[in-house]
Amino acid sequence: MCQLLGMNGNTPTDICFSFEGFRTRGGLTDVHKDGWGIAFFEGPGCRVFLDVEPSAQSAVAELVRHYPIHSKNVIAHIRKATQGRVALENTHPFQRELWGRYWLFAHNGNLKDFAPSLDGSFVPVGDTDSELAFCFLLQRLRSEFGHAMPLRKPMFEFLAGITREISVHGEFNFLLSNGNCLYAHCATKLAYVVRQAPFAVAHLKDQDVSIDFSEVTNPDDRVAVIATLPLTDNETWTAMEPGTLMVFHSGVPAATARTA
């Protein structure tokens, strides 16, 4: 299966430290070597990097590793292919426009016998179950709420309902963001940590690398990092309960819904 990494903060923050550990799982400390991608919201725009090479050896990943892009919402993915060939069009995160905003989506899992009817408003470019689920999800949102973005609470509740529908077809761990907040669904494995004052030293599990966040943050900064598996070995990560959808806003969990 693939692995996911997300970040949501109350102020634009770089993800270089977390990405340093995450990228090694793409072919070095783990077997996810069928491509990778990372996307950053910058205001209403998105900066997206995709590569079919393993992230541990990717020159594009090396660029991102040394490029401190500051963002409030970030989604990254390293792929172990289940459906769809290894190709750029099948590499997550996927990006679409809805209600005048970009949406980003990455999925970990395998959806079997999933063949929803699409009306043509959102159409997959590749041949993965993941991109198909993303297109169906956005189609259902637009069908329900029309041409204007709804308030966060009714959209979250409706998104939980769609997630329940799709989840009957298999594992549906995902990260989704429109730049305002970050949605995270745990079907099997997903965990998060909230970093805020008083900041301390964090040490990566996959590499002998540490950072003292008190030296690189402001007292009011707050950021939530979400990953398939914890990235550090000296912080308290909270394991999400399987069958749970959460939305993160300004660096903290803002709402939770059951989807099992």
# chains A, B, ... in the order shown; residues from 1 in each chain; ligands from 1

$ residues_around --residues "A:Asp221" --least-positions-apart "4" --cutoff "7 Å" --atoms "only C-alpha atoms" --output "ChimeraX atom specification"
/A:10-11,196,217

$ select_by_dssp --residues "stretch 74-219 of chain A" --states "helix (DSSP H, G or I)" --output "count of residues only"
39

$ residues_around --residues "A:Pro150" --least-positions-apart "5" --cutoff "12 Å" --atoms "only C-alpha atoms" --output "compact mmCIF listing (two decimals) with N, CA and C atoms, in the first residue's frame"
# COMPACT_ATOMS: atom_id res chain seq x y z
N LEU A 98 -12.90 23.15 -8.19
CA LEU A 98 -14.32 23.14 -7.82
C LEU A 98 -14.61 24.42 -7.05
N TRP A 99 -15.69 25.12 -7.45
CA TRP A 99 -16.11 26.36 -6.79
C TRP A 99 -15.01 27.43 -6.80
N LEU A 141 -20.19 16.35 -4.46
CA LEU A 141 -20.22 17.62 -3.74
C LEU A 141 -20.89 18.71 -4.58
N ARG A 142 -20.53 18.79 -5.85
CA ARG A 142 -21.13 19.83 -6.70
C ARG A 142 -22.61 19.55 -6.95
N SER A 143 -22.97 18.28 -7.08
CA SER A 143 -24.37 17.93 -7.27
C SER A 143 -25.21 18.31 -6.06
N GLU A 144 -24.63 18.15 -4.87
CA GLU A 144 -25.37 18.45 -3.64
C GLU A 144 -25.47 19.94 -3.36
N PHE A 145 -24.39 20.68 -3.59
CA PHE A 145 -24.34 22.08 -3.15
C PHE A 145 -24.39 23.09 -4.30
N MET A 155 -20.69 20.77 4.62
CA MET A 155 -19.82 20.09 3.65
C MET A 155 -19.11 18.91 4.30
N PHE A 156 -18.66 19.09 5.53
CA PHE A 156 -17.98 18.01 6.25
C PHE A 156 -18.93 16.83 6.47
N GLU A 157 -20.15 17.13 6.86
CA GLU A 157 -21.13 16.06 7.11
C GLU A 157 -21.45 15.31 5.82
N PHE A 158 -21.60 16.03 4.72
CA PHE A 158 -21.90 15.37 3.45
C PHE A 158 -20.69 14.57 2.96
N LEU A 159 -19.49 15.11 3.16
CA LEU A 159 -18.27 14.40 2.78
C LEU A 159 -18.14 13.08 3.55

$ select_by_dssp --residues "stretch 183-229 of chain A" --states "strand (DSSP E or B)" --output "CSV table (one decimal) with C-alpha atoms, in the first residue's frame"
chain,number,residue,atom,x,y,z
A,183,TYR,CA,-9.6,16.4,5.6
A,184,ALA,CA,-8.1,13.1,6.7
A,185,HIS,CA,-9.9,9.8,6.5
A,186,CYS,CA,-8.5,6.7,8.4
A,191,ALA,CA,-1.8,9.2,12.8
A,192,TYR,CA,-1.2,12.8,13.7
A,193,VAL,CA,0.8,15.1,15.9
A,194,VAL,CA,0.1,18.8,16.8
A,195,ARG,CA,3.2,20.9,17.3
A,196,GLN,CA,2.8,24.1,19.3
A,201,VAL,CA,13.4,18.8,19.7
A,202,ALA,CA,12.0,16.2,17.3
A,203,HIS,CA,13.9,13.2,15.9
A,204,LEU,CA,13.1,11.3,12.7
A,210,SER,CA,16.8,16.1,14.6
A,211,ILE,CA,15.4,19.6,14.7
A,212,ASP,CA,14.8,22.0,17.6
A,222,ARG,CA,0.8,25.7,15.4
A,223,VAL,CA,0.9,22.9,12.9
A,224,ALA,CA,-0.6,19.4,12.6
A,225,VAL,CA,1.3,16.7,10.7
A,226,ILE,CA,-0.7,13.7,9.5
A,227,ALA,CA,1.0,10.5,8.3

$ closest_atom_pairs --of "stretch 161-201 of chain A" --to "stretch 103-125 of chain A" --cutoff "12 Å" --atoms "only C-alpha atoms" --output "Markdown table"
| residue | atom | partner | partner_atom | distance |
| --- | --- | --- | --- | --- |
| A:Ile162 | CA | A:Pro116 | CA | 11.9 |
| A:Glu165 | CA | A:Phe114 | CA | 10.4 |
| A:Ile166 | CA | A:Phe114 | CA | 7.8 |
| A:Ser167 | CA | A:Leu111 | CA | 7.8 |
| A:Val168 | CA | A:Leu111 | CA | 8.4 |
| A:His169 | CA | A:Leu111 | CA | 5.0 |
| A:Gly170 | CA | A:Leu111 | CA | 4.6 |
| A:Glu171 | CA | A:Gly109 | CA | 4.5 |
| A:Phe172 | CA | A:Gly109 | CA | 5.4 |
| A:Asn173 | CA | A:Asn108 | CA | 5.0 |
| A:Phe174 | CA | A:His107 | CA | 4.3 |
| A:Leu175 | CA | A:Ala106 | CA | 5.4 |
| A:Leu176 | CA | A:Phe105 | CA | 4.5 |
| A:Ser177 | CA | A:Leu104 | CA | 5.4 |
| A:Asn178 | CA | A:Trp103 | CA | 4.4 |
| A:Gly179 | CA | A:Trp103 | CA | 7.3 |
| A:Asn180 | CA | A:Trp103 | CA | 9.9 |
| A:Cys181 | CA | A:Trp103 | CA | 10.6 |
| A:Leu182 | CA | A:Leu104 | CA | 9.5 |
| A:Tyr183 | CA | A:Phe105 | CA | 9.4 |
| A:Ala184 | CA | A:Ala106 | CA | 9.9 |
| A:His185 | CA | A:His107 | CA | 9.4 |
| A:Cys186 | CA | A:Asn108 | CA | 9.6 |
| A:Ala187 | CA | A:Gly109 | CA | 8.5 |
| A:Thr188 | CA | A:Gly109 | CA | 8.8 |
| A:Lys189 | CA | A:Asn108 | CA | 9.4 |
| A:Leu190 | CA | A:Asn108 | CA | 10.0 |

$ closest_residue --among "A:Ala76, A:Val209, A:Leu28, A:Ala197" --to "A:Thr228" --atoms "only C-alpha atoms"
A:Ala76

$ closest_residue --among "A:Phe248, A:Lys72, A:Leu63, A:Lys80" --to "A:Leu4" --atoms "only C-alpha atoms"
A:Lys80

$ closest_residue --among "A:Phe213, A:Asp206, A:Ala257, A:Val247" --to "A:Pro230" --atoms "only C-alpha atoms"
A:Asp206

$ decode --residues "stretch 183-199 of chain A" --atoms "N, CA, C and O atoms" --output "CSV table (one decimal), in the first residue's frame"
chain,number,residue,atom,x,y,z
A,183,TYR,N,-8.8,17.6,5.2
A,183,TYR,CA,-9.6,16.4,5.6
A,183,TYR,C,-8.7,15.2,5.6
A,183,TYR,O,-8.0,15.0,4.6
A,184,ALA,N,-8.9,14.4,6.6
A,184,ALA,CA,-8.1,13.1,6.7
A,184,ALA,C,-9.0,12.0,7.1
A,184,ALA,O,-9.8,12.1,8.1
A,185,HIS,N,-9.1,10.9,6.2
A,185,HIS,CA,-9.9,9.8,6.5
A,185,HIS,C,-9.0,8.6,6.8
A,185,HIS,O,-8.2,8.2,6.0
A,186,CYS,N,-9.3,8.0,8.0
A,186,CYS,CA,-8.5,6.7,8.4
A,186,CYS,C,-9.4,5.5,8.2
A,186,CYS,O,-10.5,5.4,8.9
A,187,ALA,N,-9.1,4.7,7.3
A,187,ALA,CA,-9.8,3.4,7.1
A,187,ALA,C,-9.0,2.3,7.9
A,187,ALA,O,-9.6,1.4,8.5
A,188,THR,N,-7.7,2.4,7.8
A,188,THR,CA,-6.9,1.4,8.5
A,188,THR,C,-5.8,2.0,9.4
A,188,THR,O,-5.7,1.7,10.6
A,189,LYS,N,-4.9,2.9,8.8
A,189,LYS,CA,-3.8,3.5,9.5
A,189,LYS,C,-3.7,4.9,9.1
A,189,LYS,O,-3.6,5.3,7.9
A,190,LEU,N,-3.7,5.8,10.1
A,190,LEU,CA,-3.3,7.2,10.0
A,190,LEU,C,-3.1,7.8,11.4
A,190,LEU,O,-3.8,7.4,12.3
A,191,ALA,N,-2.1,8.6,11.5
A,191,ALA,CA,-1.8,9.2,12.8
A,191,ALA,C,-1.5,10.7,12.7
A,191,ALA,O,-1.1,11.1,11.6
A,192,TYR,N,-1.6,11.4,13.7
A,192,TYR,CA,-1.2,12.8,13.7
A,192,TYR,C,-0.5,13.3,14.9
A,192,TYR,O,-0.7,12.7,16.0
A,193,VAL,N,0.2,14.4,14.8
A,193,VAL,CA,0.8,15.1,15.9
A,193,VAL,C,0.6,16.6,15.7
A,193,VAL,O,0.7,17.1,14.6
A,194,VAL,N,0.3,17.3,16.8
A,194,VAL,CA,0.1,18.8,16.8
A,194,VAL,C,1.4,19.4,17.5
A,194,VAL,O,1.7,19.1,18.6
A,195,ARG,N,2.1,20.2,16.7
A,195,ARG,CA,3.2,20.9,17.3
A,195,ARG,C,2.9,22.3,17.6
A,195,ARG,O,2.5,23.1,16.7
A,196,GLN,N,3.1,22.7,18.8
A,196,GLN,CA,2.8,24.1,19.3
A,196,GLN,C,3.7,24.3,20.5
A,196,GLN,O,4.3,23.5,21.0
A,197,ALA,N,3.6,25.6,20.9
A,197,ALA,CA,4.4,26.0,22.1
A,197,ALA,C,4.0,25.2,23.3
A,197,ALA,O,2.8,25.0,23.5
A,198,PRO,N,4.9,24.8,24.2
A,198,PRO,CA,6.4,25.0,24.1
A,198,PRO,C,7.0,24.0,23.1
A,198,PRO,O,6.8,22.8,23.2
A,199,PHE,N,7.7,24.5,22.1
A,199,PHE,CA,8.3,23.6,21.1
A,199,PHE,C,9.5,22.9,21.7
A,199,PHE,O,10.2,23.4,22.6
